[in-house]
$ cat final_34.pdb   # PDB, C-alpha atoms and all ligand atoms
ATOM      1  CA  MET A   1     138.214  88.165 250.092
ATOM      2  CA  LYS A   2     138.464  90.051 253.405
ATOM      3  CA  THR A   3     137.113  88.579 256.631
ATOM      4  CA  ILE A   4     135.154  90.513 259.260
ATOM      5  CA  THR A   5     134.734  88.954 262.705
ATOM      6  CA  ILE A   6     132.047  90.268 265.039
ATOM      7  CA  ILE A   7     132.693  89.515 268.719
ATOM      8  CA  GLY A   8     129.433  89.477 270.706
ATOM      9  CA  PHE A   9     126.175  88.486 269.034
ATOM     10  CA  GLY A  10     123.611  90.441 271.040
ATOM     11  CA  ASN A  11     121.363  93.324 269.933
ATOM     12  CA  MET A  12     124.066  95.239 268.101
ATOM     13  CA  GLY A  13     126.203  92.297 266.920
ATOM     14  CA  SER A  14     123.200  90.707 265.213
ATOM     15  CA  ALA A  15     122.152  94.081 263.717
ATOM     16  CA  MET A  16     125.673  94.489 262.348
ATOM     17  CA  LEU A  17     125.743  90.996 260.856
ATOM     18  CA  LYS A  18     122.456  91.675 259.089
ATOM     19  CA  GLY A  19     123.525  95.110 257.817
ATOM     20  CA  ILE A  20     126.978  94.031 256.651
ATOM     21  CA  SER A  21     125.853  90.793 254.995
ATOM     22  CA  LEU A  22     123.147  92.624 253.039
ATOM     23  CA  SER A  23     125.150  95.656 251.935
ATOM     24  CA  MET A  24     128.687  94.207 251.722
ATOM     25  CA  PRO A  25     128.337  90.702 250.259
ATOM     26  CA  ASP A  26     132.046  90.535 249.330
ATOM     27  CA  PHE A  27     133.158  89.936 252.914
ATOM     28  CA  ARG A  28     133.572  86.601 254.662
ATOM     29  CA  LEU A  29     131.797  86.862 258.023
ATOM     30  CA  GLN A  30     132.647  85.228 261.352
ATOM     31  CA  ILE A  31     130.885  85.519 264.697
ATOM     32  CA  ILE A  32     132.304  84.866 268.140
ATOM     33  CA  GLU A  33     129.642  84.371 270.791
ATOM     34  CA  LYS A  34     129.779  82.571 274.120
ATOM     35  CA  ASP A  35     126.356  81.008 273.629
ATOM     36  CA  ILE A  36     126.703  79.121 270.312
ATOM     37  CA  ALA A  37     123.247  77.476 270.508
ATOM     38  CA  LYS A  38     121.531  80.878 270.808
ATOM     39  CA  SER A  39     123.238  82.258 267.686
ATOM     40  CA  LYS A  40     123.464  79.218 265.381
ATOM     41  CA  ALA A  41     120.283  79.709 263.316
ATOM     42  CA  ALA A  42     120.829  83.448 262.812
ATOM     43  CA  CYS A  43     124.453  82.949 261.754
ATOM     44  CA  GLU A  44     123.527  80.200 259.297
ATOM     45  CA  SER A  45     120.875  82.366 257.669
ATOM     46  CA  PHE A  46     123.523  85.022 256.957
ATOM     47  CA  ASN A  47     126.178  82.491 255.950
ATOM     48  CA  ALA A  48     128.460  83.432 258.848
ATOM     49  CA  THR A  49     130.790  81.003 260.619
ATOM     50  CA  LEU A  50     130.316  80.759 264.366
ATOM     51  CA  PHE A  51     133.016  80.305 267.045
ATOM     52  CA  ASP A  52     132.828  80.444 270.813
ATOM     53  CA  SER A  53     136.172  82.041 271.648
ATOM     54  CA  VAL A  54     138.586  84.607 270.272
ATOM     55  CA  SER A  55     141.457  82.081 270.307
ATOM     56  CA  GLN A  56     139.614  80.014 267.641
ATOM     57  CA  ILE A  57     139.730  82.595 264.868
ATOM     58  CA  SER A  58     142.345  81.636 262.331
ATOM     59  CA  LYS A  59     142.432  84.746 260.172
ATOM     60  CA  SER A  60     140.545  88.011 260.185
ATOM     61  CA  ASP A  61     141.148  91.419 258.613
ATOM     62  CA  ILE A  62     138.646  93.327 260.724
ATOM     63  CA  ILE A  63     137.389  92.697 264.246
ATOM     64  CA  ILE A  64     134.156  94.343 265.383
ATOM     65  CA  LEU A  65     133.895  94.526 269.134
ATOM     66  CA  ALA A  66     130.193  94.338 270.109
ATOM     67  CA  VAL A  67     130.266  93.041 273.686
ATOM     68  CA  LYS A  68     129.201  95.061 276.735
ATOM     69  CA  PRO A  69     131.911  97.441 277.991
ATOM     70  CA  TYR A  70     132.459  95.298 281.142
ATOM     71  CA  ASP A  71     133.303  92.240 278.965
ATOM     72  CA  ALA A  72     135.696  94.164 276.723
ATOM     73  CA  GLU A  73     138.844  93.986 278.865
ATOM     74  CA  SER A  74     138.990  90.167 278.819
ATOM     75  CA  VAL A  75     138.051  89.938 275.118
ATOM     76  CA  LEU A  76     140.784  92.419 274.174
ATOM     77  CA  SER A  77     143.387  90.617 276.220
ATOM     78  CA  GLU A  78     142.496  87.372 274.375
ATOM     79  CA  LEU A  79     142.712  89.286 271.092
ATOM     80  CA  SER A  80     146.153  90.725 271.880
ATOM     81  CA  ALA A  81     147.379  87.163 272.618
ATOM     82  CA  THR A  82     146.497  86.218 269.000
ATOM     83  CA  HIS A  83     148.851  89.010 267.714
ATOM     84  CA  PHE A  84     146.006  90.351 265.568
ATOM     85  CA  LYS A  85     147.268  93.196 263.340
ATOM     86  CA  GLY A  86     144.188  94.183 261.323
ATOM     87  CA  ILE A  87     141.555  96.828 262.113
ATOM     88  CA  VAL A  88     139.582  96.866 265.370
ATOM     89  CA  ILE A  89     136.170  98.560 265.172
ATOM     90  CA  SER A  90     134.629  99.187 268.571
ATOM     91  CA  ILE A  91     130.989 100.084 269.229
ATOM     92  CA  LEU A  92     131.489 100.178 273.013
ATOM     93  CA  ALA A  93     129.989 103.193 274.754
ATOM     94  CA  GLY A  94     132.543 105.196 276.736
ATOM     95  CA  LYS A  95     135.754 103.449 275.600
ATOM     96  CA  THR A  96     138.237 105.562 273.636
ATOM     97  CA  THR A  97     140.258 104.474 270.603
ATOM     98  CA  GLN A  98     143.357 104.798 272.808
ATOM     99  CA  TRP A  99     141.836 102.492 275.452
ATOM    100  CA  ILE A 100     141.039  99.922 272.742
ATOM    101  CA  ALA A 101     144.486 100.245 271.103
ATOM    102  CA  GLU A 102     146.337  99.768 274.396
ATOM    103  CA  ARG A 103     144.419  96.622 275.316
ATOM    104  CA  SER A 104     144.306  95.002 271.870
ATOM    105  CA  ALA A 105     147.955  95.861 271.051
ATOM    106  CA  CYS A 106     146.589  97.045 267.701
ATOM    107  CA  ASN A 107     146.865 100.701 266.623
ATOM    108  CA  SER A 108     144.382 100.688 263.749
ATOM    109  CA  VAL A 109     141.159 101.422 265.601
ATOM    110  CA  ALA A 110     137.798 102.907 264.578
ATOM    111  CA  ARG A 111     135.029 103.732 266.981
ATOM    112  CA  PHE A 112     131.325 103.703 266.034
ATOM    113  CA  MET A 113     128.311 104.964 267.946
ATOM    114  CA  PRO A 114     125.221 103.422 266.328
ATOM    115  CA  SER A 115     121.718 103.275 267.819
ATOM    116  CA  LEU A 116     119.253 100.433 268.139
ATOM    117  CA  ALA A 117     117.851 101.589 264.758
ATOM    118  CA  ALA A 118     120.898  99.883 263.194
ATOM    119  CA  SER A 119     118.818  96.694 263.284
ATOM    120  CA  ALA A 120     116.580  98.390 260.683
ATOM    121  CA  GLY A 121     119.633  99.789 258.821
ATOM    122  CA  LYS A 122     118.546 103.276 259.937
ATOM    123  CA  GLY A 123     119.616 106.038 262.266
ATOM    124  CA  ALA A 124     122.872 107.918 262.706
ATOM    125  CA  VAL A 125     126.269 106.261 263.253
ATOM    126  CA  GLY A 126     129.010 108.404 264.793
ATOM    127  CA  VAL A 127     132.444 107.397 263.454
ATOM    128  CA  CYS A 128     135.938 108.393 264.605
ATOM    129  CA  TYR A 129     139.395 106.888 264.177
ATOM    130  CA  SER A 130     142.738 106.445 265.887
ATOM    131  CA  ASN A 131     145.511 108.574 264.343
ATOM    132  CA  ALA A 132     147.253 105.426 263.118
ATOM    133  CA  LEU A 133     144.345 104.263 260.938
ATOM    134  CA  SER A 134     145.227 104.772 257.250
ATOM    135  CA  ILE A 135     143.035 106.786 254.854
ATOM    136  CA  GLU A 136     142.227 103.607 252.918
ATOM    137  CA  ASN A 137     141.138 101.793 256.079
ATOM    138  CA  ARG A 138     139.085 104.812 257.204
ATOM    139  CA  LYS A 139     137.141 104.533 253.913
ATOM    140  CA  LEU A 140     136.567 100.841 254.571
ATOM    141  CA  CYS A 141     135.333 101.536 258.121
ATOM    142  CA  LEU A 142     133.034 104.281 256.834
ATOM    143  CA  ALA A 143     131.504 101.826 254.337
ATOM    144  CA  ILE A 144     130.912  99.331 257.176
ATOM    145  CA  ALA A 145     129.308 102.099 259.284
ATOM    146  CA  GLY A 146     127.082 102.861 256.272
ATOM    147  CA  SER A 147     125.621  99.363 256.506
ATOM    148  CA  LEU A 148     124.255 100.327 259.954
ATOM    149  CA  GLY A 149     122.678 103.666 259.062
ATOM    150  CA  GLN A 150     123.855 107.133 258.057
ATOM    151  CA  PRO A 151     127.523 107.565 259.077
ATOM    152  CA  TYR A 152     128.847 110.876 260.460
ATOM    153  CA  GLU A 153     132.612 111.320 260.789
ATOM    154  CA  ILE A 154     133.191 113.295 263.967
ATOM    155  CA  ALA A 155     136.026 114.172 266.336
ATOM    156  CA  GLU A 156     136.428 111.642 269.147
ATOM    157  CA  GLN A 157     135.456 114.195 271.826
ATOM    158  CA  GLN A 158     132.073 114.600 270.051
ATOM    159  CA  MET A 159     131.247 110.915 270.680
ATOM    160  CA  HIS A 160     129.539 111.925 273.947
ATOM    161  CA  ALA A 161     127.259 114.342 272.089
ATOM    162  CA  ILE A 162     126.231 111.757 269.479
ATOM    163  CA  THR A 163     125.712 109.202 272.256
ATOM    164  CA  GLY A 164     123.298 111.629 273.966
ATOM    165  CA  LEU A 165     121.563 112.741 270.776
ATOM    166  CA  SER A 166     121.322 109.422 268.916
ATOM    167  CA  GLY A 167     122.560 106.315 270.798
ATOM    168  CA  SER A 168     120.526 107.246 273.900
ATOM    169  CA  GLY A 169     118.355 109.765 272.074
ATOM    170  CA  ILE A 170     116.432 107.033 270.284
ATOM    171  CA  ALA A 171     114.803 106.291 273.666
ATOM    172  CA  PHE A 172     113.744 109.951 273.920
ATOM    173  CA  GLY A 173     112.266 109.533 270.431
ATOM    174  CA  PHE A 174     110.298 106.494 271.638
ATOM    175  CA  ALA A 175     109.068 108.493 274.644
ATOM    176  CA  PHE A 176     107.924 111.331 272.337
ATOM    177  CA  LEU A 177     106.098 108.880 270.046
ATOM    178  CA  HIS A 178     104.344 107.323 273.033
ATOM    179  CA  GLY A 179     103.386 110.703 274.495
ATOM    180  CA  LEU A 180     101.864 111.902 271.218
ATOM    181  CA  ALA A 181      99.989 108.627 270.734
ATOM    182  CA  MET A 182      98.581 108.960 274.256
ATOM    183  CA  GLY A 183      97.404 112.446 273.289
ATOM    184  CA  GLY A 184      95.595 110.814 270.369
ATOM    185  CA  VAL A 185      93.958 108.360 272.785
ATOM    186  CA  SER A 186      92.980 111.200 275.095
ATOM    187  CA  SER A 187      91.246 112.930 272.195
ATOM    188  CA  GLY A 188      89.384 109.832 271.015
ATOM    189  CA  LEU A 189      91.542 107.404 268.976
ATOM    190  CA  PRO A 190      92.412 103.813 269.937
ATOM    191  CA  TYR A 191      96.146 103.494 270.904
ATOM    192  CA  PRO A 192      97.252 101.247 267.971
ATOM    193  CA  GLN A 193      95.720 103.647 265.459
ATOM    194  CA  ALA A 194      96.997 106.707 267.314
ATOM    195  CA  LEU A 195     100.511 105.222 267.257
ATOM    196  CA  GLN A 196     100.371 104.534 263.488
ATOM    197  CA  ILE A 197      99.186 108.090 262.852
ATOM    198  CA  THR A 198     101.978 109.416 265.095
ATOM    199  CA  LEU A 199     104.567 107.441 263.110
ATOM    200  CA  ASP A 200     103.206 108.790 259.801
ATOM    201  CA  MET A 201     103.180 112.328 261.161
ATOM    202  CA  VAL A 202     106.753 112.173 262.513
ATOM    203  CA  GLU A 203     108.056 110.576 259.294
ATOM    204  CA  GLY A 204     106.247 113.315 257.354
ATOM    205  CA  ALA A 205     107.809 116.048 259.518
ATOM    206  CA  ALA A 206     111.307 114.594 259.011
ATOM    207  CA  ALA A 207     110.741 114.203 255.233
ATOM    208  CA  LEU A 208     109.593 117.816 254.936
ATOM    209  CA  ILE A 209     112.635 119.171 256.766
ATOM    210  CA  ARG A 210     114.941 117.061 254.578
ATOM    211  CA  GLN A 211     113.200 117.964 251.308
ATOM    212  CA  THR A 212     112.921 121.696 251.913
ATOM    213  CA  GLY A 213     116.264 122.089 253.682
ATOM    214  CA  THR A 214     114.576 124.425 256.180
ATOM    215  CA  ASN A 215     114.679 124.103 259.947
ATOM    216  CA  PRO A 216     111.916 123.166 262.417
ATOM    217  CA  VAL A 217     111.417 126.746 263.642
ATOM    218  CA  GLU A 218     110.458 127.945 260.131
ATOM    219  CA  MET A 219     108.105 124.997 259.733
ATOM    220  CA  ILE A 220     106.440 125.627 263.110
ATOM    221  CA  SER A 221     105.686 129.218 262.120
ATOM    222  CA  LYS A 222     104.121 127.971 258.855
ATOM    223  CA  VAL A 223     101.801 125.546 260.672
ATOM    224  CA  CYS A 224     100.709 127.954 263.407
ATOM    225  CA  SER A 225      97.884 130.121 262.054
ATOM    226  CA  PRO A 226      96.682 133.037 264.208
ATOM    227  CA  ALA A 227      94.281 131.891 266.942
ATOM    228  CA  GLY A 228      94.342 128.405 265.360
ATOM    229  CA  THR A 229      94.538 124.897 266.759
ATOM    230  CA  THR A 230      98.326 124.398 266.511
ATOM    231  CA  ILE A 231      99.319 127.513 268.437
ATOM    232  CA  ARG A 232      97.141 126.314 271.339
ATOM    233  CA  GLY A 233      99.072 123.034 271.440
ATOM    234  CA  MET A 234     102.428 124.796 270.998
ATOM    235  CA  TYR A 235     101.615 126.984 273.994
ATOM    236  CA  GLU A 236     101.125 123.859 276.131
ATOM    237  CA  LEU A 237     104.492 122.437 274.974
ATOM    238  CA  GLU A 238     106.279 125.704 275.723
ATOM    239  CA  LYS A 239     104.527 126.058 279.108
ATOM    240  CA  GLY A 240     105.888 122.602 280.024
ATOM    241  CA  GLY A 241     109.429 123.612 278.985
ATOM    242  CA  PHE A 242     109.522 121.092 276.126
ATOM    243  CA  THR A 243     112.612 122.449 274.317
ATOM    244  CA  ALA A 244     114.585 122.867 277.547
ATOM    245  CA  LEU A 245     113.569 119.354 278.618
ATOM    246  CA  CYS A 246     114.819 117.824 275.336
ATOM    247  CA  MET A 247     118.092 119.738 275.671
ATOM    248  CA  ALA A 248     118.513 118.579 279.272
ATOM    249  CA  ALA A 249     117.843 114.922 278.361
ATOM    250  CA  VAL A 250     120.476 114.902 275.585
ATOM    251  CA  GLN A 251     122.975 116.775 277.767
ATOM    252  CA  ALA A 252     122.416 114.394 280.718
ATOM    253  CA  ALA A 253     123.043 111.340 278.518
ATOM    254  CA  ALA A 254     126.151 112.986 276.989
ATOM    255  CA  ASP A 255     127.429 113.823 280.500
ATOM    256  CA  ARG A 256     126.875 110.224 281.615
ATOM    257  CA  SER A 257     128.828 109.001 278.569
ATOM    258  CA  SER A 258     131.669 111.303 279.582
ATOM    259  CA  GLU A 259     131.573 109.949 283.174
ATOM    260  CA  LEU A 260     131.798 106.364 281.872
ATOM    261  CA  GLU A 261     134.928 107.241 279.888
ATOM    262  CA  ASN A 262     136.762 108.518 282.943
TER
HETATM  263  N1  LIG A 301     122.093  98.551 272.409
HETATM  264  C1  LIG A 301     122.284  99.772 271.942
HETATM  265  O1  LIG A 301     121.347 100.509 271.654
HETATM  266  C2  LIG A 301     123.685 100.281 271.721
HETATM  267  C3  LIG A 301     123.884 101.477 271.011
HETATM  268  C4  LIG A 301     125.199 101.895 270.777
HETATM  269  C5  LIG A 301     126.268 101.158 271.255
HETATM  270  N2  LIG A 301     126.035 100.027 271.977
HETATM  271  C6  LIG A 301     127.179  99.262 272.471
HETATM  272  O2  LIG A 301     127.116  98.005 271.859
HETATM  273  C7  LIG A 301     127.701  97.031 272.715
HETATM  274  C8  LIG A 301     126.814  95.797 272.722
HETATM  275  O3  LIG A 301     125.521  96.159 273.207
HETATM  276  P1  LIG A 301     124.307  95.141 273.046
HETATM  277  O4  LIG A 301     123.083  95.873 273.441
HETATM  278  O5  LIG A 301     124.358  94.490 271.701
HETATM  279  O6  LIG A 301     124.707  94.068 274.179
HETATM  280  P2  LIG A 301     124.197  92.560 274.316
HETATM  281  O7  LIG A 301     122.877  92.378 273.658
HETATM  282  O8  LIG A 301     124.370  92.172 275.759
HETATM  283  O9  LIG A 301     125.271  91.732 273.422
HETATM  284  C9  LIG A 301     126.579  91.415 273.826
HETATM  285  C10 LIG A 301     126.801  89.962 273.504
HETATM  286  O10 LIG A 301     128.192  89.639 273.696
HETATM  287  C11 LIG A 301     128.261  88.364 274.316
HETATM  288  N3  LIG A 301     129.584  88.180 274.949
HETATM  289  C12 LIG A 301     130.012  88.611 276.162
HETATM  290  N4  LIG A 301     131.296  88.236 276.379
HETATM  291  C13 LIG A 301     131.694  87.562 275.274
HETATM  292  C14 LIG A 301     132.910  86.922 274.894
HETATM  293  N5  LIG A 301     133.959  86.877 275.720
HETATM  294  N6  LIG A 301     132.990  86.327 273.693
HETATM  295  C15 LIG A 301     131.913  86.349 272.863
HETATM  296  N7  LIG A 301     130.720  86.932 273.168
HETATM  297  C16 LIG A 301     130.604  87.529 274.358
HETATM  298  C17 LIG A 301     127.108  88.389 275.283
HETATM  299  O11 LIG A 301     126.799  87.095 275.751
HETATM  300  P3  LIG A 301     126.139  86.953 277.237
HETATM  301  O12 LIG A 301     124.831  87.681 277.173
HETATM  302  O13 LIG A 301     126.021  85.481 277.389
HETATM  303  O14 LIG A 301     127.109  87.598 278.199
HETATM  304  C18 LIG A 301     126.009  89.009 274.417
HETATM  305  O15 LIG A 301     125.357  88.036 273.622
HETATM  306  C19 LIG A 301     127.846  97.671 274.096
HETATM  307  O16 LIG A 301     129.217  97.858 274.374
HETATM  308  C20 LIG A 301     127.144  99.005 273.978
HETATM  309  O17 LIG A 301     127.849 100.025 274.665
HETATM  310  C21 LIG A 301     124.781  99.559 272.194
END
$ encode --input "final_34.pdb" --output "structure tokens"
Amino acid sequence: MKTITIIGFGNMGSAMLKGISLSMPDFRLQIIEKDIAKSKAACESFNATLFDSVSQISKSDIIILAVKPYDAESVLSELSATHFKGIVISILAGKTTQWIAERSACNSVARFMPSLAASAGKGAVGVCYSNALSIENRKLCLAIAGSLGQPYEIAEQQMHAITGLSGSGIAFGFAFLHGLAMGGVSSGLPYPQALQITLDMVEGAAALIRQTGTNPVEMISKVCSPAGTTIRGMYELEKGGFTALCMAAVQAAADRSSELEN
């Protein structure tokens, strides 16, 4: 039985424990977290063993690094002192596989970019690998990424784009949901109901695009009847530069990710 150790039990570490324990029951799970008391109940409910420092782990095949980027340097130096020679999976924003490999003294590295939706087992997960990671281990990493959402294997330089579009982009999605719900309030619905309707509408839009295999532009032209209600609303979106604004938000987040890497 292989052992996976997650270092850092915050938002993402706990989402990963949940996802992996539900979809990959054949793994032994360990957690390393500074604050043991905070994590005890959650770890017990997923049958994971809890430690408070890297030096305590006796054996692990896979390490998942889920601390904040500013804590990573010290964690990796502790890890390299244990002479760990398994696979390191990093979810750190802005840290390359090479950066991880150099500091962990371990060449088999995968890098994931999930979003907060991983806690619901949803959303996109960008995945890339160090050159040294074997095909077999890439498959294993991809299966682990699949427990967090829909994995996409991408080139490492595309990590910035998926950070902008998905890792950060989920916040733009929340902003869009809120804005639409507020429009519902403005036209007469109470906010909780307007929000539920917005969620149903957005899920419906996504389902339609997936089922038909078309793109949003085709769908927009189907919904907009001449002199109808939708074209009036579309005009307001276009007048406000909606598409350009979405593009700029994703690009700005991707650019910031690139800055953090350098
Ligand atoms: N949140 C997102 O949406 C998201 C999306 C994609 C990628 N990421 C990446 O995921 C990583 C984790 O983000 P997060 O939001 O989950 O952060 P978080 O909630 O702050 O979780 C990090 C956890 O690691 C703990 N920790 C710090 N140093 C440690 C050590 N030496 N040993 C053991 N545990 C230690 C922290 O404890 P203390 O709080 O006590 O320091 C905290 O509980 C980040 O690198 C981020 O770039 C996050």
$ closest_atom_pairs --input "final_34.pdb" --of "chain A" --to "ligand LIG 301 (chain A)" --cutoff "7 Å" --atoms "all atoms listed in the file" --output "Markdown table"
| residue | atom | partner | partner_atom | distance |
| --- | --- | --- | --- | --- |
| A:Ile7 | CA | A:LIG301 | C15 | 5.3 |
| A:Gly8 | CA | A:LIG301 | O10 | 3.2 |
| A:Phe9 | CA | A:LIG301 | O15 | 4.7 |
| A:Gly10 | CA | A:LIG301 | O9 | 3.2 |
| A:Asn11 | CA | A:LIG301 | O5 | 3.7 |
| A:Met12 | CA | A:LIG301 | O5 | 3.7 |
| A:Gly13 | CA | A:LIG301 | O5 | 5.6 |
| A:Ile32 | CA | A:LIG301 | C15 | 5.0 |
| A:Glu33 | CA | A:LIG301 | C15 | 3.7 |
| A:Lys34 | CA | A:LIG301 | C15 | 4.5 |
| A:Asp35 | CA | A:LIG301 | O13 | 5.9 |
| A:Asp52 | CA | A:LIG301 | C15 | 6.3 |
| A:Ser53 | CA | A:LIG301 | N6 | 5.7 |
| A:Val54 | CA | A:LIG301 | N6 | 6.8 |
| A:Ala66 | CA | A:LIG301 | C7 | 4.5 |
| A:Val67 | CA | A:LIG301 | O10 | 4.0 |
| A:Lys68 | CA | A:LIG301 | O16 | 3.7 |
| A:Pro69 | CA | A:LIG301 | O16 | 4.5 |
| A:Asp71 | CA | A:LIG301 | N4 | 5.2 |
| A:Ser74 | CA | A:LIG301 | N5 | 6.8 |
| A:Val75 | CA | A:LIG301 | N5 | 5.1 |
| A:Ile91 | CA | A:LIG301 | C6 | 5.1 |
| A:Leu92 | CA | A:LIG301 | O16 | 3.5 |
| A:Ala93 | CA | A:LIG301 | O17 | 3.8 |
| A:Met113 | CA | A:LIG301 | C4 | 5.2 |
| A:Pro114 | CA | A:LIG301 | C4 | 4.7 |
| A:Ser115 | CA | A:LIG301 | C3 | 4.3 |
| A:Leu116 | CA | A:LIG301 | O1 | 4.1 |
| A:Gly167 | CA | A:LIG301 | C3 | 5.0 |
$ atom_distance --input "final_34.pdb" --atom1 "atom CA of A:Phe112" --atom2 "atom CA of A:Met159"
8.6 Å
$ closest_residue --input "final_34.pdb" --among "A:Met234, A:Leu195, A:Ala252, A:Met201" --to "A:Gly179" --atoms "all atoms listed in the file"
A:Leu195
$ atom_distance --input "final_34.pdb" --atom1 "atom CA of A:Thr49" --atom2 "atom CA of A:Ile100"
24.7 Å
$ resolve_selection --input "final_34.pdb" --expression "the PyMOL selection byres (((chain A and resi 89) around 8) and not hetatm)" --output "JSON, numbers by chain"
{"A": [62, 63, 64, 65, 87, 88, 90, 91, 109, 110, 111, 112, 141]}
$ atom_distance --input "final_34.pdb" --atom1 "atom CA of A:Leu76" --atom2 "atom CA of A:Val125"
22.8 Å
$ resolve_selection --input "final_34.pdb" --expression "the PyMOL selection byres (((chain A and resi 122) around 7) and not hetatm)" --output "PyMOL selection string"
chain A and resi 117-118+120-121+123-124+148-150
$ residues_around --input "final_34.pdb" --residues "A:Ser55" --least-positions-apart "4" --cutoff "10 Å" --atoms "only C-alpha atoms" --output "VMD selection string"
chain A and resid 32 51 75 78 to 82
$ closest_residue --input "final_34.pdb" --among "A:Gln30, A:Gln98, A:Thr198, A:Asn107" --to "A:Asn47" --atoms "only C-alpha atoms"
A:Gln30
$ closest_residue --input "final_34.pdb" --among "A:Ile197, A:Gly184, A:Met219, A:Ser119" --to "A:Ala15" --atoms "only C-alpha atoms"
A:Ser119
$ axis_aligned_box --input "final_34.pdb" --around "stretch 118-125 of chain A" --padding-each-side "4 Å" --output "AutoDock Vina command-line options"
--center_x 121.4 --center_y 102.3 --center_z 261.1 --size_x 17.7 --size_y 19.2 --size_z 12.5
$ closest_residue --input "final_34.pdb" --among "A:Ala101, A:Ala155, A:Ser23, A:Gln193" --to "A:Ala181" --atoms "all atoms listed in the file"
A:Gln193
$ residues_around --input "final_34.pdb" --residues "A:Gly169" --least-positions-apart "4" --cutoff "9 Å" --atoms "all atoms listed in the file" --output "list in words"
Ser115, Ile162, Thr163, Gly164, Leu165, Gly173, Phe174, Ala249, Val250 and Ala253 of chain A
$ residues_around --input "final_34.pdb" --residues "A:Met182" --least-positions-apart "5" --cutoff "12 Å" --atoms "only C-alpha atoms" --output "MDAnalysis selection string"
chainID A and resid 175:177 187:198
$ decode --input "final_34.pdb" --residues "stretch 195-237 of chain A" --atoms "C-alpha atoms" --output "short mmCIF file (atom, residue, chain, number, x, y, z; two decimals), in the first residue's frame"
data_model
loop_
_atom_site.label_atom_id
_atom_site.label_comp_id
_atom_site.auth_asym_id
_atom_site.auth_seq_id
_atom_site.Cartn_x
_atom_site.Cartn_y
_atom_site.Cartn_z
CA LEU A 195 -28.64 33.88 -6.23
CA GLN A 196 -30.22 30.40 -6.49
CA ILE A 197 -31.72 31.30 -9.87
CA THR A 198 -28.34 32.65 -11.01
CA LEU A 199 -26.65 29.37 -10.01
CA ASP A 200 -29.26 27.33 -11.91
CA MET A 201 -28.91 29.56 -14.96
CA VAL A 202 -25.09 29.41 -15.02
CA GLU A 203 -25.09 25.63 -14.50
CA GLY A 204 -27.64 25.36 -17.32
CA ALA A 205 -25.48 27.50 -19.63
CA ALA A 206 -22.40 25.35 -18.91
CA ALA A 207 -24.39 22.10 -19.39
CA LEU A 208 -25.73 23.30 -22.74
CA ILE A 209 -22.28 24.20 -24.05
CA ARG A 210 -20.92 20.81 -22.93
CA GLN A 211 -23.85 18.81 -24.34
CA THR A 212 -24.04 20.53 -27.71
CA GLY A 213 -20.29 20.99 -28.17
CA THR A 214 -20.97 24.49 -29.52
CA ASN A 215 -19.37 27.69 -28.29
CA PRO A 216 -20.90 30.62 -26.36
CA VAL A 217 -21.04 32.92 -29.40
CA GLU A 218 -23.35 30.51 -31.27
CA MET A 219 -25.54 30.16 -28.19
CA ILE A 220 -25.76 33.94 -27.69
CA SER A 221 -27.01 34.38 -31.26
CA LYS A 222 -29.67 31.70 -30.63
CA VAL A 223 -30.98 33.45 -27.50
CA CYS A 224 -31.01 36.97 -28.96
CA SER A 225 -34.24 37.43 -30.93
CA PRO A 226 -34.63 40.61 -33.00
CA ALA A 227 -35.70 43.58 -30.86
CA GLY A 228 -36.11 41.15 -27.92
CA THR A 229 -35.22 41.30 -24.25
CA THR A 230 -31.82 39.56 -24.42
CA ILE A 231 -30.29 41.80 -27.07
CA ARG A 232 -31.09 44.82 -24.87
CA GLY A 233 -29.13 43.25 -22.01
CA MET A 234 -26.30 42.15 -24.32
CA TYR A 235 -25.97 45.73 -25.54
CA GLU A 236 -25.44 46.89 -21.95
CA LEU A 237 -22.74 44.23 -21.39
#
